[in-house]
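Novice: I am sharing protein-v4.txt, which consists of compact mmCIF, C-alpha atoms:
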# COMPACT_ATOMS: atom_id res chain seq x y z
CA MET S 1361 138.85 83.44 110.79
CA LYS S 1362 141.05 85.49 108.54
CA LYS S 1363 138.74 84.89 105.61
CA ILE S 1364 135.64 85.98 107.45
CA LEU S 1365 137.37 89.21 108.44
CA LYS S 1366 138.35 89.83 104.86
CA LEU S 1367 134.80 89.27 103.60
CA THR S 1368 133.37 91.54 106.27
CA LEU S 1369 135.85 94.22 105.45
CA ILE S 1370 135.10 94.11 101.72
CA LEU S 1371 131.35 94.24 102.24
CA PHE S 1372 131.85 97.08 104.69
CA LEU S 1373 133.96 98.99 102.19
CA VAL S 1374 131.43 98.57 99.39
CA SER S 1375 128.58 99.65 101.66
CA ALA S 1376 130.58 102.63 102.88
CA ILE S 1377 131.32 103.79 99.34
CA VAL S 1378 127.68 103.43 98.29
CA ALA S 1379 126.54 105.24 101.43
CA GLY S 1380 129.00 108.04 100.70
CA VAL S 1381 127.72 108.46 97.15
CA LEU S 1382 124.12 108.44 98.37
CA GLY S 1383 124.98 111.10 100.92
CA VAL S 1384 126.30 113.36 98.17
CA VAL S 1385 123.24 112.81 95.95
CA ASN S 1386 120.92 113.41 98.88
CA GLU S 1387 122.71 116.65 99.68
CA MET S 1388 122.38 117.74 96.03
CA THR S 1389 118.68 116.96 95.68
CA LYS S 1390 117.48 117.77 99.20
CA ASP S 1391 116.64 121.41 98.63
CA ARG S 1392 114.90 120.75 95.37
CA ILE S 1393 112.76 117.95 96.79
CA GLU S 1394 111.78 120.20 99.70
CA GLU S 1395 110.93 122.96 97.23
CA GLN S 1396 108.75 120.61 95.17
CA LYS S 1397 106.93 119.56 98.33
CA GLN S 1398 106.26 123.15 99.31
CA ILE S 1399 104.99 124.01 95.83
CA LYS S 1400 102.67 121.04 96.06
CA THR S 1401 101.39 121.95 99.51
CA ALA S 1402 100.77 125.56 98.48
CA LYS S 1403 98.88 124.37 95.39
CA ALA S 1404 96.84 121.97 97.49
CA TYR S 1405 95.88 124.71 99.96
CA ALA S 1406 94.81 126.99 97.13
CA ALA S 1407 92.84 124.20 95.48
CA VAL S 1408 90.76 123.25 98.49
CA LEU S 1409 90.10 126.72 99.86
CA PRO S 1410 91.22 129.73 97.79
CA SER S 1411 92.38 132.55 100.03
CA GLU S 1412 94.96 135.33 100.18
CA GLY S 1413 96.88 133.67 102.96
CA TYR S 1414 96.79 131.02 105.62
CA GLU S 1415 97.65 131.34 109.27
CA GLU S 1416 98.45 128.24 111.23
CA LEU S 1417 96.54 127.94 114.49
CA GLU S 1418 98.68 127.52 117.59
CA ILE S 1419 97.11 124.45 119.09
CA ASP S 1420 98.43 121.14 120.29
CA THR S 1421 97.54 118.90 117.35
CA SER S 1422 98.77 115.79 119.12
CA ALA S 1423 95.48 115.85 121.05
CA TYR S 1424 93.65 114.85 117.85
CA THR S 1425 94.19 111.69 115.86
CA ASN S 1426 95.94 112.06 112.50
CA ILE S 1427 95.78 115.88 112.45
CA GLU S 1428 99.06 117.59 111.53
CA SER S 1429 98.11 121.22 111.36
CA ILE S 1430 95.09 123.48 111.15
CA SER S 1431 95.35 126.79 109.34
CA LYS S 1432 92.85 129.61 109.22
CA ALA S 1433 92.28 131.40 105.95
CA THR S 1434 93.07 135.06 106.59
CA GLY S 1435 90.04 136.29 104.65
CA GLY S 1436 87.63 134.31 106.86
CA GLU S 1437 86.90 131.74 104.16
CA GLY S 1438 87.34 128.88 106.63
CA TYR S 1439 90.03 126.46 107.66
CA VAL S 1440 92.51 124.15 105.95
CA VAL S 1441 93.38 120.97 107.83
CA GLN S 1442 96.45 118.95 107.01
CA THR S 1443 96.05 115.33 108.02
CA THR S 1444 98.15 112.19 107.69
CA PHE S 1445 96.45 108.84 107.98
CA SER S 1446 96.91 105.28 106.92
CA GLY S 1447 95.58 104.30 103.50
CA ALA S 1448 95.56 100.91 101.83
CA GLN S 1449 99.32 100.72 101.21
CA GLY S 1450 100.94 103.38 103.34
CA ASN S 1451 100.43 106.80 104.81
CA ILE S 1452 98.40 109.39 102.94
CA THR S 1453 98.91 113.10 103.55
CA MET S 1454 95.93 115.19 102.60
CA VAL S 1455 94.59 118.72 103.06
CA VAL S 1456 90.91 119.28 103.69
CA GLY S 1457 89.22 122.64 103.23
CA VAL S 1458 86.48 123.41 105.78
CA SER S 1459 84.02 126.26 105.34
CA PRO S 1460 82.83 128.41 108.29
CA ASP S 1461 79.62 126.35 108.43
CA TYR S 1462 81.69 123.15 108.74
CA LYS S 1463 81.21 121.77 105.25
CA CYS S 1464 84.01 120.33 103.16
CA THR S 1465 85.17 122.74 100.44
CA GLY S 1466 87.47 120.20 98.81
CA ILE S 1467 90.24 117.73 99.42
CA SER S 1468 93.67 117.38 97.90
CA ILE S 1469 96.14 114.56 98.45
CA ILE S 1470 99.75 115.67 98.79
CA SER S 1471 101.51 112.35 99.15
CA HIS S 1472 100.50 108.72 99.17
CA ALA S 1473 101.76 105.24 98.32
CA GLU S 1474 98.53 103.73 96.96
CA THR S 1475 98.44 101.20 94.13
CA SER S 1476 99.16 102.76 90.77
CA GLY S 1477 96.02 102.74 88.61
CA LEU S 1478 93.68 101.94 91.50
CA GLY S 1479 94.02 103.74 94.82
CA ALA S 1480 96.38 106.24 93.24
CA ASN S 1481 93.41 107.56 91.26
CA ALA S 1482 92.30 109.28 94.46
CA ALA S 1483 95.19 111.69 94.01
CA SER S 1484 95.48 111.72 90.23
CA THR S 1485 94.89 114.74 88.02
CA SER S 1486 92.92 112.64 85.52
CA ASP S 1487 89.14 112.92 85.13
CA ILE S 1488 88.63 109.93 87.40
CA GLY S 1489 90.52 111.57 90.24
CA VAL S 1490 89.03 115.03 89.74
CA ASN S 1491 85.45 113.73 89.56
CA TRP S 1492 85.97 111.50 92.54
CA ARG S 1493 87.33 114.29 94.74
CA ALA S 1494 84.53 116.59 93.61
CA GLN S 1495 82.09 114.36 95.53
CA PHE S 1496 83.58 115.59 98.81
CA VAL S 1497 82.59 119.21 98.24
CA GLY S 1498 79.64 120.13 100.46
CA GLN S 1499 79.84 117.02 102.64
CA ASP S 1500 79.73 117.43 106.41
CA LYS S 1501 81.36 115.54 109.28
CA ASN S 1502 79.00 112.58 108.80
CA MET S 1503 80.28 111.81 105.31
CA ALA S 1504 81.01 108.21 104.37
CA ILE S 1505 81.32 106.03 101.31
CA THR S 1506 78.19 104.24 100.05
CA LYS S 1507 79.30 100.94 101.57
CA ALA S 1508 79.38 102.60 104.98
CA GLY S 1509 75.97 104.20 104.44
CA GLY S 1510 77.12 107.54 103.00
CA THR S 1511 76.81 109.11 99.56
CA ILE S 1512 80.41 109.02 98.32
CA ASP S 1513 81.04 106.45 95.59
CA ALA S 1514 84.23 104.50 96.21
CA LEU S 1515 86.89 104.31 93.51
CA THR S 1516 86.86 101.13 91.43
CA GLY S 1517 89.11 98.55 93.05
CA ALA S 1518 90.08 100.91 95.83
CA THR S 1519 87.42 100.66 98.53
CA ILE S 1520 89.96 100.76 101.35
CA THR S 1521 91.64 103.92 100.02
CA SER S 1522 88.24 105.58 99.47
CA ARG S 1523 87.05 104.65 102.93
CA SER S 1524 90.16 105.95 104.69
CA VAL S 1525 90.08 109.22 102.73
CA ALA S 1526 86.41 109.78 103.58
CA GLU S 1527 86.98 108.94 107.24
CA ALA S 1528 89.97 111.28 107.44
CA ALA S 1529 88.03 114.13 105.82
CA ALA S 1530 85.14 113.58 108.23
CA ASN S 1531 87.59 113.53 111.12
CA ALA S 1532 89.17 116.79 109.94
CA ILE S 1533 85.78 118.52 109.84
CA SER S 1534 84.71 117.29 113.26
CA VAL S 1535 88.00 118.48 114.77
CA VAL S 1536 87.49 121.96 113.30
CA GLU S 1537 83.90 121.94 114.54
CA SER S 1538 85.02 120.98 118.04
CA LEU S 1539 87.34 124.01 118.06
CA GLY S 1540 84.33 126.21 117.39
CA MET T 827 129.94 88.64 71.97
CA ASN T 828 129.05 91.15 69.32
CA ILE T 829 126.72 94.08 69.69
CA LYS T 830 124.30 92.94 67.01
CA LYS T 831 123.75 89.60 68.68
CA GLN T 832 123.30 91.30 72.05
CA PHE T 833 120.76 93.66 70.55
CA LYS T 834 118.73 90.79 69.15
CA GLU T 835 118.96 88.88 72.43
CA GLY T 836 117.83 91.81 74.56
CA LEU T 837 114.88 92.70 72.38
CA ILE T 838 113.75 89.34 71.04
CA THR T 839 115.38 85.99 71.63
CA ASN T 840 116.29 86.59 75.26
CA ASN T 841 113.85 89.37 76.13
CA PRO T 842 113.85 89.85 79.91
CA VAL T 843 110.07 89.86 80.31
CA LEU T 844 108.79 87.67 77.50
CA VAL T 845 111.48 84.98 77.37
CA GLN T 846 113.36 85.06 80.68
CA LEU T 847 110.10 85.85 82.48
CA ILE T 848 111.76 88.08 85.07
CA GLY T 849 110.66 91.39 86.52
CA MET T 850 106.98 90.66 85.94
CA CYS T 851 105.59 92.12 89.16
CA ALA T 852 106.26 95.74 88.27
CA THR T 853 105.43 94.99 84.65
CA MET T 854 101.88 94.04 85.49
CA ALA T 855 101.38 96.66 88.15
CA ILE T 856 102.46 99.85 86.42
CA THR T 857 101.52 99.33 82.78
CA THR T 858 98.29 101.30 82.95
CA THR T 859 99.35 104.48 81.14
CA LEU T 860 102.07 105.21 78.61
CA PHE T 861 103.55 107.80 80.97
CA ASN T 862 104.18 105.13 83.61
CA GLY T 863 105.55 102.65 81.07
CA VAL T 864 108.06 105.03 79.51
CA GLY T 865 109.14 106.36 82.91
CA MET T 866 109.56 102.93 84.49
CA GLY T 867 111.28 101.50 81.40
CA LEU T 868 113.83 104.30 81.23
CA SER T 869 114.45 104.17 85.00
CA VAL T 870 115.17 100.45 84.78
CA LEU T 871 117.34 100.97 81.69
CA ILE T 872 119.49 103.57 83.45
CA ILE T 873 119.79 101.60 86.69
CA LEU T 874 120.51 98.36 84.83
CA THR T 875 123.23 99.91 82.69
CA CYS T 876 124.94 101.57 85.67
CA CYS T 877 124.77 98.40 87.76
CA ASN T 878 126.04 96.24 84.91
CA VAL T 879 129.07 98.46 84.38
CA VAL T 880 129.96 98.65 88.07
CA VAL T 881 129.42 94.94 88.71
CA SER T 882 131.48 94.06 85.67
CA ALA T 883 134.24 96.46 86.70
CA ILE T 884 134.64 94.93 90.13
CA ARG T 885 133.91 91.33 89.13
CA LYS T 886 137.49 90.20 89.64
CA ILE T 887 138.01 91.72 93.07
CA ILE T 888 134.80 90.69 94.83
CA PRO T 889 134.90 87.36 96.66
CA ASN T 890 132.46 84.77 95.36
CA GLU T 891 130.88 84.12 98.77
CA ILE T 892 129.49 87.60 99.26
CA ARG T 893 128.89 88.59 95.63
CA LEU T 894 125.08 88.66 95.98
CA ALA T 895 125.23 90.90 99.03
CA ILE T 896 127.55 93.27 97.19
CA PHE T 897 125.30 93.28 94.10
CA VAL T 898 122.28 94.16 96.22
CA VAL T 899 124.11 97.02 97.92
CA ILE T 900 125.20 98.44 94.55
CA ILE T 901 121.72 98.06 93.03
CA ALA T 902 120.07 99.65 96.06
CA GLY T 903 122.51 102.55 95.77
CA PHE T 904 121.65 103.26 92.14
CA VAL T 905 117.92 102.83 92.71
CA THR T 906 117.99 105.33 95.56
CA ILE T 907 119.90 107.81 93.41
CA VAL T 908 117.33 107.54 90.61
CA ASP T 909 114.51 107.76 93.14
CA LEU T 910 115.92 110.99 94.62
CA LEU T 911 116.54 112.50 91.19
CA LEU T 912 112.98 111.70 90.08
CA GLN T 913 111.56 113.24 93.24
CA ALA T 914 113.59 116.37 92.63
CA TYR T 915 113.15 116.80 88.88
CA ILE T 916 110.15 114.77 87.67
CA PRO T 917 107.86 114.71 90.73
CA ALA T 918 104.82 113.66 88.66
CA LEU T 919 106.53 110.49 87.55
CA SER T 920 107.83 109.77 91.01
CA GLU T 921 104.25 110.05 92.24
CA ALA T 922 102.72 107.93 89.49
CA LEU T 923 105.17 105.08 89.97
CA GLY T 924 105.14 105.43 93.74
CA VAL T 925 106.50 102.41 95.51
CA PHE T 926 107.59 100.68 92.29
CA ILE T 927 110.72 102.80 91.95
CA PRO T 928 112.22 101.67 95.27
CA LEU T 929 111.04 98.16 94.40
CA ILE T 930 113.40 98.08 91.41
CA VAL T 931 115.95 96.96 94.03
CA VAL T 932 114.29 93.58 94.13
CA ASN T 933 113.48 93.49 90.41
CA CYS T 934 115.11 90.28 89.26
CA ILE T 935 116.13 91.77 85.91
CA ILE T 936 118.96 93.69 87.51
CA ILE T 937 120.32 91.06 89.88
CA GLY T 938 119.65 88.41 87.22
CA ARG T 939 121.79 90.20 84.64
CA ALA T 940 124.51 90.89 87.22
CA GLU T 941 124.63 87.23 88.14
CA ALA T 942 124.18 85.69 84.70
CA PHE T 943 126.08 88.09 82.51
CA CYS T 944 128.20 90.81 84.09
CA GLN T 945 130.29 88.70 86.38
CA LYS T 946 131.57 86.78 83.38
CA ASN T 947 131.89 89.52 80.77
CA THR T 948 133.86 92.68 80.08
CA ILE T 949 132.73 96.17 80.98
CA GLY T 950 131.92 97.04 77.38
CA ALA T 951 129.77 93.96 76.80
CA SER T 952 128.00 94.54 80.12
CA PHE T 953 127.29 98.14 79.20
CA PHE T 954 125.57 97.10 75.98
CA ASP T 955 123.82 94.27 77.75
CA GLY T 956 122.34 96.83 80.15
CA ILE T 957 121.19 99.08 77.31
CA PHE T 958 119.66 96.30 75.23
CA GLN T 959 118.06 94.36 78.07
CA GLY T 960 116.70 97.66 79.37
CA LEU T 961 115.36 98.47 75.91
CA GLY T 962 113.76 95.04 75.67
CA TYR T 963 112.05 95.68 78.99
CA THR T 964 110.95 99.18 77.96
CA VAL T 965 109.52 97.98 74.65
CA VAL T 966 107.43 95.31 76.37
CA LEU T 967 106.20 97.85 78.92
CA ILE T 968 105.24 100.27 76.17
CA ILE T 969 103.34 97.62 74.20
CA MET T 970 101.45 96.60 77.33
CA CYS T 971 100.73 100.20 78.32
CA VAL T 972 99.41 101.17 74.91
CA PHE T 973 97.16 98.11 74.76
CA ARG T 974 95.81 98.34 78.29
CA GLU T 975 95.38 102.11 78.23
CA LEU T 976 93.52 101.97 74.92
CA VAL T 977 91.20 99.11 75.80
CA GLY T 978 90.78 100.20 79.40
CA SER T 979 90.24 103.92 79.08
CA GLY T 980 90.07 104.68 75.35
CA LYS T 981 93.10 106.93 75.48
CA PHE T 982 96.63 107.08 74.20
CA GLY T 983 99.50 108.71 76.03
CA THR T 984 97.77 110.06 79.14
CA GLY T 985 100.18 112.23 81.10
CA LEU T 986 102.70 112.23 78.29
CA ILE T 987 100.99 113.94 75.36
CA ASP T 988 99.40 117.31 75.88
CA VAL T 989 96.80 117.72 73.14
CA ALA T 990 95.12 120.77 74.60
CA ASN T 991 98.29 122.86 74.27
CA GLY T 992 99.17 121.77 70.78
CA PHE T 993 100.55 118.23 70.79
CA LYS T 994 103.41 118.67 73.18
CA ILE T 995 105.26 115.91 74.93
CA THR T 996 105.30 116.76 78.61
CA MET T 997 107.09 115.08 81.44
CA ASP T 998 105.09 116.70 84.24
CA GLY T 999 102.17 114.32 83.96
CA THR T 1000 99.57 116.97 83.11
CA GLY T 1001 98.91 115.94 79.52
CA GLY T 1002 95.40 114.70 78.89
CA GLY T 1003 96.38 112.24 76.17
CA ILE T 1004 94.61 111.57 72.89
CA GLU T 1005 91.07 110.36 73.44
CA LEU T 1006 90.13 107.74 70.87
CA PHE T 1007 86.81 106.82 72.45
CA SER T 1008 85.01 107.78 75.64
CA ALA T 1009 86.27 106.17 78.83
CA ASP T 1010 82.66 105.08 79.48
CA TYR T 1011 83.10 102.41 76.82
CA GLY T 1012 86.47 101.29 78.11
CA ALA T 1013 86.87 97.90 79.77
CA THR T 1014 88.07 99.06 83.19
CA ILE T 1015 89.01 95.47 83.94
CA MET T 1016 92.02 95.91 81.63
CA LEU T 1017 93.41 98.53 84.02
CA LEU T 1018 93.09 96.16 86.97
CA PRO T 1019 95.67 93.45 87.74
CA PHE T 1020 93.52 91.01 85.74
CA GLY T 1021 94.20 92.99 82.58
CA GLY T 1022 97.91 92.91 83.35
CA PHE T 1023 97.92 89.11 83.59
CA ILE T 1024 95.88 88.68 80.40
CA THR T 1025 97.97 91.13 78.37
CA LEU T 1026 101.24 89.64 79.56
CA GLY T 1027 99.97 86.11 78.92
CA LEU T 1028 98.94 86.97 75.38
CA LEU T 1029 102.27 88.64 74.68
CA ILE T 1030 104.26 85.69 76.01
CA ALA T 1031 102.16 83.27 73.94
CA LEU T 1032 102.69 85.36 70.81
CA MET T 1033 106.42 85.57 71.46
CA GLN T 1034 106.77 81.82 71.97
CA TYR T 1035 104.76 81.15 68.81
CA MET T 1036 107.01 83.39 66.75
CA LEU T 1037 110.19 81.99 68.26
CA LYS T 1038 109.05 78.42 67.56
CA LYS T 1039 108.07 79.33 64.02
CA SER T 1040 111.41 80.93 63.27
CA ALA T 1041 113.24 77.95 64.82
CA LYS T 1042 111.25 75.58 62.57
CA LYS T 1043 112.01 77.70 59.54
CA LYS T 1044 115.70 77.57 60.33
CA GLU T 1045 115.52 73.81 60.77
CA ALA T 1046 113.75 73.39 57.45
CA ALA T 1047 116.31 75.61 55.74
CA ALA T 1048 119.18 73.59 57.25
CA LYS T 1049 117.51 70.38 56.09
CA ALA T 1050 117.06 71.69 52.57
CA VAL T 1051 120.73 72.66 52.41
CA LYS T 1052 121.71 69.22 53.62
CA GLU T 1053 119.50 67.48 51.06
CA GLY T 1054 120.82 69.74 48.33
CA GLU T 1055 124.35 68.71 49.22
CA GLU T 1056 123.46 65.07 48.98
Output the file's structure in the form of structure tokens.
Specialist:
Amino acid sequence: MKKILKLTLILFLVSAIVAGVLGVVNEMTKDRIEEQKQIKTAKAYAAVLPSEGYEELEIDTSAYTNIESISKATGGEGYVVQTTFSGAQGNITMVVGVSPDYKCTGISIISHAETSGLGANAASTSDIGVNWRAQFVGQDKNMAITKAGGTIDALTGATITSRSVAEAAANAISVVESLG
Amino acid sequence: MNIKKQFKEGLITNNPVLVQLIGMCATMAITTTLFNGVGMGLSVLIILTCCNVVVSAIRKIIPNEIRLAIFVVIIAGFVTIVDLLLQAYIPALSEALGVFIPLIVVNCIIIGRAEAFCQKNTIGASFFDGIFQGLGYTVVLIIMCVFRELVGSGKFGTGLIDVANGFKITMDGTGGGIELFSADYGATIMLLPFGGFITLGLLIALMQYMLKKSAKKKEAAAKAVKEGEE
């Protein structure tokens, strides 16, 4: 009995020390990580729909699946939808630009956990990623990958990622369209 | 335990990937570009060295029954620290490696070295063991990355070398790399898990061949000396 208490206490102490150190590191890096995320989101907005500013619509997004926020470009260029959905490995957060005539003006993936070298290409800055995402420009709410009868070529070895991205982009456009 | 012997063990005779055959999951998964390989290798090197030192420092006070649990807690702590630092300061790398950074927790290199080496050796020896084993891991990753990236996409150093802006080494993942031939002629299969298995298999075979050869040479030399004495 005494021994088990001793073991528990030691393990508790070690865990507590590690947790304390992690707390300090988290406190130190928190602001910077948040900053990096904001820079990324701002870049993504500008990439999918260039505009002077964006104004978030005050609507209840929980009424729509996977939609996080919808922002209106202040210059009337269209809308930017931020959506989080499930990819092949984990959640993907993506922004979709929608023009006033409900066509996709571009997509940009902010965060994901897809397989490095395969699904991760969907978000990569390499030629593969850029060319792949370029296919989404001009698509409407009926877009789909070729396997599902659409015109978007899936990424090599990443059909599930490609499919979920296309479905999410289509969903984003139809939500904007339903708002009018 | 001298440093020279440890250096040779980490890089060649007891290389973590090619001889001990540990930590192969991440090795096959991330070795698609040089950027990933260097980043992952250095992350493991740093985590391994820190863990080795801490484990070795507390080796006499931790009870034997719960040593594995304590090792895992310590490793997880260091991995999370590196993960947070990467997210804050090298976001491109953190993105490229994705889930494989947190997965270093279960990478057997680190717990394997803690169990096999650090709990029996001094802090100094453990420190060098971390550095050299980490280097051995990094070197293998780099060889695999260079080979797979070249055959698979015809490039060298994507994300790491910025040719467009005058041969700079960047850590933000924007470098285009040196294009040796068009990606259209690349064997994409080398970038898929299949390519990882094949490359690793070839490397292990080559390593075993060389180790056997050098062992035979030593044997022959010993024999010659013996005969000479007679």
Novice: Wanna dump the region 1371-1449 of chain S-region 1493-1507 of chain S contacts at 12 Å for me, each residue with its shortest atom pair and the distance in Å to one decimal, counting all atoms listed in the file, ordered by chain and number, as JSON lines?
Specialist:
{"residue": "S:Ala1407", "atom": "CA", "partner": "S:Arg1493", "partner_atom": "CA", "distance": 11.4}
{"residue": "S:Val1408", "atom": "CA", "partner": "S:Val1497", "partner_atom": "CA", "distance": 9.1}
{"residue": "S:Leu1409", "atom": "CA", "partner": "S:Val1497", "partner_atom": "CA", "distance": 10.7}
Novice: From the set T:Ala1031, T:Ile930, T:Leu923, T:Ala1013, which residue has the shortest atom-to-atom contact distance to Val870 (chain T), counting only C-alpha atoms?
Specialist: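 Counting only C-alpha atoms, the residue closest to Val870 (chain T) is T:Ile930.
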Novice: Do you have the CA of Ala1526 (chain S)-CA of Ile1512 (chain S) distance handy?
Specialist: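 Separation of CA of Ala1526 (chain S) and CA of Ile1512 (chain S): 8.0 Å.
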Novice: Quick one: which residues from chain T are at most 10 Å off chain S, using all atoms listed in the file, as a PDB file with C-alpha atoms, in the frame of the given file?
Specialist:
ATOM      1  CA  ALA T 855     101.380  96.660  88.150  1.00  0.00           C
ATOM      2  CA  ILE T 856     102.460  99.850  86.420  1.00  0.00           C
ATOM      3  CA  THR T 857     101.520  99.330  82.780  1.00  0.00           C
ATOM      4  CA  THR T 858      98.290 101.300  82.950  1.00  0.00           C
ATOM      5  CA  THR T 859      99.350 104.480  81.140  1.00  0.00           C
ATOM      6  CA  ASN T 862     104.180 105.130  83.610  1.00  0.00           C
ATOM      7  CA  ILE T 887     138.010  91.720  93.070  1.00  0.00           C
ATOM      8  CA  ILE T 888     134.800  90.690  94.830  1.00  0.00           C
ATOM      9  CA  PRO T 889     134.900  87.360  96.660  1.00  0.00           C
ATOM     10  CA  ASN T 890     132.460  84.770  95.360  1.00  0.00           C
ATOM     11  CA  GLU T 891     130.880  84.120  98.770  1.00  0.00           C
ATOM     12  CA  ILE T 892     129.490  87.600  99.260  1.00  0.00           C
ATOM     13  CA  ARG T 893     128.890  88.590  95.630  1.00  0.00           C
ATOM     14  CA  ALA T 895     125.230  90.900  99.030  1.00  0.00           C
ATOM     15  CA  ILE T 896     127.550  93.270  97.190  1.00  0.00           C
ATOM     16  CA  PHE T 897     125.300  93.280  94.100  1.00  0.00           C
ATOM     17  CA  VAL T 898     122.280  94.160  96.220  1.00  0.00           C
ATOM     18  CA  VAL T 899     124.110  97.020  97.920  1.00  0.00           C
ATOM     19  CA  ILE T 900     125.200  98.440  94.550  1.00  0.00           C
ATOM     20  CA  ILE T 901     121.720  98.060  93.030  1.00  0.00           C
ATOM     21  CA  ALA T 902     120.070  99.650  96.060  1.00  0.00           C
ATOM     22  CA  GLY T 903     122.510 102.550  95.770  1.00  0.00           C
ATOM     23  CA  PHE T 904     121.650 103.260  92.140  1.00  0.00           C
ATOM     24  CA  THR T 906     117.990 105.330  95.560  1.00  0.00           C
ATOM     25  CA  ILE T 907     119.900 107.810  93.410  1.00  0.00           C
ATOM     26  CA  VAL T 908     117.330 107.540  90.610  1.00  0.00           C
ATOM     27  CA  LEU T 910     115.920 110.990  94.620  1.00  0.00           C
ATOM     28  CA  LEU T 911     116.540 112.500  91.190  1.00  0.00           C
ATOM     29  CA  LEU T 912     112.980 111.700  90.080  1.00  0.00           C
ATOM     30  CA  GLN T 913     111.560 113.240  93.240  1.00  0.00           C
ATOM     31  CA  ALA T 914     113.590 116.370  92.630  1.00  0.00           C
ATOM     32  CA  TYR T 915     113.150 116.800  88.880  1.00  0.00           C
ATOM     33  CA  ILE T 916     110.150 114.770  87.670  1.00  0.00           C
ATOM     34  CA  PRO T 917     107.860 114.710  90.730  1.00  0.00           C
ATOM     35  CA  ALA T 918     104.820 113.660  88.660  1.00  0.00           C
ATOM     36  CA  GLU T 921     104.250 110.050  92.240  1.00  0.00           C
ATOM     37  CA  ALA T 922     102.720 107.930  89.490  1.00  0.00           C
ATOM     38  CA  LEU T 923     105.170 105.080  89.970  1.00  0.00           C
ATOM     39  CA  GLY T 924     105.140 105.430  93.740  1.00  0.00           C
ATOM     40  CA  VAL T 925     106.500 102.410  95.510  1.00  0.00           C
ATOM     41  CA  PHE T 926     107.590 100.680  92.290  1.00  0.00           C
ATOM     42  CA  THR T 984      97.770 110.060  79.140  1.00  0.00           C
ATOM     43  CA  GLY T 985     100.180 112.230  81.100  1.00  0.00           C
ATOM     44  CA  GLY T 999     102.170 114.320  83.960  1.00  0.00           C
ATOM     45  CA  THR T1000      99.570 116.970  83.110  1.00  0.00           C
ATOM     46  CA  GLY T1001      98.910 115.940  79.520  1.00  0.00           C
ATOM     47  CA  GLY T1002      95.400 114.700  78.890  1.00  0.00           C
ATOM     48  CA  GLY T1003      96.380 112.240  76.170  1.00  0.00           C
ATOM     49  CA  ALA T1009      86.270 106.170  78.830  1.00  0.00           C
ATOM     50  CA  THR T1014      88.070  99.060  83.190  1.00  0.00           C
ATOM     51  CA  ILE T1015      89.010  95.470  83.940  1.00  0.00           C
ATOM     52  CA  LEU T1017      93.410  98.530  84.020  1.00  0.00           C
ATOM     53  CA  LEU T1018      93.090  96.160  86.970  1.00  0.00           C
ATOM     54  CA  PRO T1019      95.670  93.450  87.740  1.00  0.00           C
TER      55      PRO T1019
END
Novice: Which residues come within 8 Å of region 1531-1539 of chain S, counting all atoms listed in the file, excluding same-chain residues fewer than 2 positions away, as a ChimeraX atom specification?
Specialist: /S:1424,1427,1439,1441,1443,1456,1458,1462-1464,1500-1501,1527-1529
Novice: Mind pulling up the distance from CA of Ile1024 (chain T) to CA of Val1490 (chain S)?
Specialist: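 Rounded to one decimal, the two atoms are 28.8 Å apart.
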Novice: Considering all atoms listed in the file, can you say which of T:Thr853, T:Cys877, T:Leu919, T:Glu941 comes closest to Leu894 (chain T)?
Specialist: T:Glu941
Novice: Measuring atom to atom with only C-alpha atoms, identify which of S:Ser1422, S:Ser1459, S:Ser1468, S:Ser1446 is nearest to Thr1401 (chain S).
Specialist: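 Among the listed residues, the smallest separation from Thr1401 (chain S) belongs to S:Ser1468.
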Novice: Rounded to one decimal, what separation in Å do you get between CA of Met970 (chain T) and CA of Thr1025 (chain T)?
Specialist: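 Between CA of Met970 (chain T) and CA of Thr1025 (chain T) the gap works out to 6.6 Å.
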Novice: Find the residues around Ile935 (chain T) up to 9 Å (all atoms listed in the file counted), leave out those fewer than 2 positions away in its own chain, and share them as a list in words.
Specialist: Pro842, Val843, Gln846, Ile848, Gly849, Val870, Leu874, Ile930, Val932, Asn933, Ile937, Gly938, Arg939, Ala940, Gln959, Gly960 and Tyr963 of chain T
Novice: Please identify all polymer residues within 6 Å of region 1411-1420 of chain S, counting all atoms listed in the file, omitting same-chain residues fewer than 2 positions from it, and present them as a list in words.
Specialist: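 Those residues are Ser1422, Ile1430, Ser1431, Lys1432, Ala1433 and Thr1434 of chain S.
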Novice: Around all listed atoms of region 884-900 of chain T, padded 5 Å per side, what centre and edge lengths does the axis-aligned box have in Å to one decimal, as lines of an AutoDock Vina configuration file?
Specialist:
center_x = 130.1
center_y = 91.3
center_z = 94.2
size_x = 25.7
size_y = 24.3
size_z = 20.1
